[in-house]
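Participant: Got a structure for you, written out below as structure tokens; questions coming shortly.
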Amino acid sequence: MKHRRIPKRKAAIAGGAVAALVAAGVTFQSANASDNTEQFTVKPLTAVAAGNLASTLSKDLGADAAGTYYDADAKSLVVNVVNEVAAQTVREAGGKARIVENTLGELKSARLTLTTKATIPGTSWAVNPVTNKVVVTADRTVTGAELTKLSAVVKGLGGKAELKKSAGEFNPLIAGGDATHSGGGRCSLGFNVVKDGEPHFITAGHCGQAGSDWSDSAGGAAIGSMADSQFPGNDFALVKYSGSSEHPSEVNLYNGSSQAITKAGEATVGMAVQRSGSTTQVHDGEVTGLDATVNYGNGDIVEGLIQTNVCAEPGDSGGSLFAGDTAIGLTSGGSGDCSAGGETFFQPVPEALAAFGAEIG
């Protein structure tokens with residue numbers, strides 16, 4: 001087991017974070033425990049609130065943080081750390097501390113090894129904070145010598161990685177809440193946004209190229225033009241509205257109602273989420289991994305994705321991943337379907353908004 005100290009400067013910063021939480025109305029109660037560790041009781045956290053706390057603690061703990069995930073049953077944020085000093089900081093901030101073996105730096109190093117030695121079409125890898133390992137997934141196209149090579153690389157990483165097989169095939173889910181069309185292809189609108197005071201919407205980058213016109217029906221009049229598109233590497237695009245179409249900040253739930261979207265937020269492993277898309281409409285599930293790298297094939301590699309067990313099919317690309325009124329991701333690709341299930345990957349919305357200088361609206 002590794003043991004590290006938190007510098008006094010970080011401890012002071014963490015203390016400031018606790019003070020901020022107290023000012024916000026979060027109260028702490030201590031009690032004696034058999035292991036002489038102070039216990040703290042806090043109000044239950046929503047997944048979105050847990051994600052915000054995770055972001056704060058990640059900065060405060062620095063190299064002593066080793067990932068976070070949301071315990072939906074306990075409604076608490078679990079924070080992986082590498083020593084007891086860091087664990088105490090987590091408890092004081094309202095999280096549940098868990099001392100683990102692998103640091104985030106070691107897991108990132110394992111990912112770099114995979115990128116260098118095992119970039120094979122049909123593979124993906126993402127950090128799973130629940131297992132404190134990098135989970136490597138091979139789809140059904142990875143066989144023979146490639147599977148042997150991948151297995152050897154994963155084995156060489158020891159306790160930092162594990163290999164899983166997927167029955168499906170990783171592909172961007174283009175065919176294409178609401179349907180959007182361009183050049184005979186169909187994707188799904190992600191979220192309505194505002195840039196420079198003008199209405200736009202965001203969708204998947206692999207759905208089209210900058211300059212392409214988009215309509216809300218096959219062969220229909222254009223409602224907007226794609227201002228920017230980034231794929232591979234990233235998978236997001238920005239379309240500027242040119243017509244008089246209404247553009248409320250909401251997601252179609254395909255049951256006669258909609259979900260208002262008021263903000264964007266970061267995903268947390270364990271977070272319950274919903275996806276809306278024009279092919280399979282609304283499905284739910286949870287976030288299973290973060291910072292995923294997916295090798296779609298033909299050199300199309302996308303990094304920094306959210307991994308989930310939510311199903312999706314061709315035509316759902318670009319569609320909305322959300323948690324309540326919070327925009328989380330844009331449907332990128334995956335394997336399986338909504339009959340057999342599978343994995344689906346999403347481009348984080350906050351990254352897309354930052355790249356475009358846009359905001360939810």
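Just remember, in the structure tokens the first chain shown is A, the second B, etc., residues are 1-based per chain, and ligands are 1-based in the order shown.
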Set the distance at 7 Å and use only C-alpha atoms: which residues neighbour A:Val302 once local chain neighbours fewer than 2 positions away are removed? I'd like the list as a list of chain:residue names.
Facilitator: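 Surrounding residues, per the criterion: A:Pro232, A:Gly233, A:Asn234, A:Asp235, A:Thr293, A:Val294, A:Asn295, A:Asp300.
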Participant: Those selected residues, please, written with C-alpha atoms and delivered as a tab-separated table (two decimals), in the first residue's frame.
Facilitator:
chain	number	residue	atom	x	y	z
A	232	PRO	CA	-12.12	12.53	-34.68
A	233	GLY	CA	-10.24	13.44	-31.51
A	234	ASN	CA	-13.39	15.12	-30.23
A	235	ASP	CA	-16.96	14.45	-31.34
A	293	THR	CA	-10.70	6.38	-25.43
A	294	VAL	CA	-12.58	4.65	-28.28
A	295	ASN	CA	-10.98	3.25	-31.43
A	300	ASP	CA	-11.16	7.46	-36.05
Participant: From a DSSP calculation on the backbone, collect every residue of stretch 48-295 of chain A in alpha helix (DSSP H) and output the set as an NGL selection string.
Facilitator: :A and (48-61 or 84-93 or 104-117 or 144-156)
Participant: Would you write out, as a Markdown table, a table of all residues in stretch 192-271 of chain A that have an atom no more than 10 Å from an atom of stretch 72-96 of chain A, listing for each the closest atom pair and the distance in Å to one decimal, considering only C-alpha atoms and ordering rows by chain and rising residue number?
Facilitator:
| residue | atom | partner | partner_atom | distance |
| --- | --- | --- | --- | --- |
| A:Thr268 | CA | A:Leu77 | CA | 9.1 |
| A:Val269 | CA | A:Leu77 | CA | 9.8 |
| A:Gly270 | CA | A:Ala72 | CA | 6.7 |
| A:Met271 | CA | A:Ala72 | CA | 7.2 |
Participant: So that I can check the surroundings of stretch 147-154 of chain A, please list as a VMD selection string every protein, DNA and RNA residue that reaches within 7 Å of it, counting only C-alpha atoms and ignoring chain neighbours fewer than 5 positions away.
Facilitator: chain A and resid 118 142 161 to 163
Participant: What separation in Å, quoted to one decimal, exists between atom CA of A:Ser229 and atom CA of A:Gly342?
Facilitator: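 Distance reported for this atom pair: 26.6 Å.
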Participant: Under the rule that only C-alpha atoms are counted, which of A:Glu250, A:Glu101, A:Glu146, A:Glu198 is the nearest residue to A:Lys160?
Facilitator: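 Looking at the shortest contact to A:Lys160, the residue is A:Glu101.
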Participant: Determine which residues of stretch 83-176 of chain A receive a DSSP assignment of strand (DSSP E or B), computed from the backbone, and state them as a ChimeraX atom specification.
Facilitator: /A:96-99,123-128,133-138,161-165,171-172
Participant: Quote the spacing between atom CA of A:Ser244 and atom CA of A:Ala327 in Å to one decimal place.
Facilitator: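 Result for atom CA of A:Ser244 versus atom CA of A:Ala327: 24.0 Å, one decimal.
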Participant: Using only C-alpha atoms, find each residue of stretch 49-149 of chain A with at least one atom at most 10 Å away from an atom of stretch 303-312 of chain A; report its shortest atom-to-atom pair and that distance in Å (one decimal), sort the rows by chain and rising residue number, and return the result as a Markdown table.
Facilitator:
| residue | atom | partner | partner_atom | distance |
| --- | --- | --- | --- | --- |
| A:Ser124 | CA | A:Glu303 | CA | 9.5 |
| A:Trp125 | CA | A:Gln307 | CA | 9.3 |
| A:Ala126 | CA | A:Gln307 | CA | 7.5 |
| A:Val127 | CA | A:Gln307 | CA | 9.6 |
| A:Asn128 | CA | A:Gln307 | CA | 9.7 |
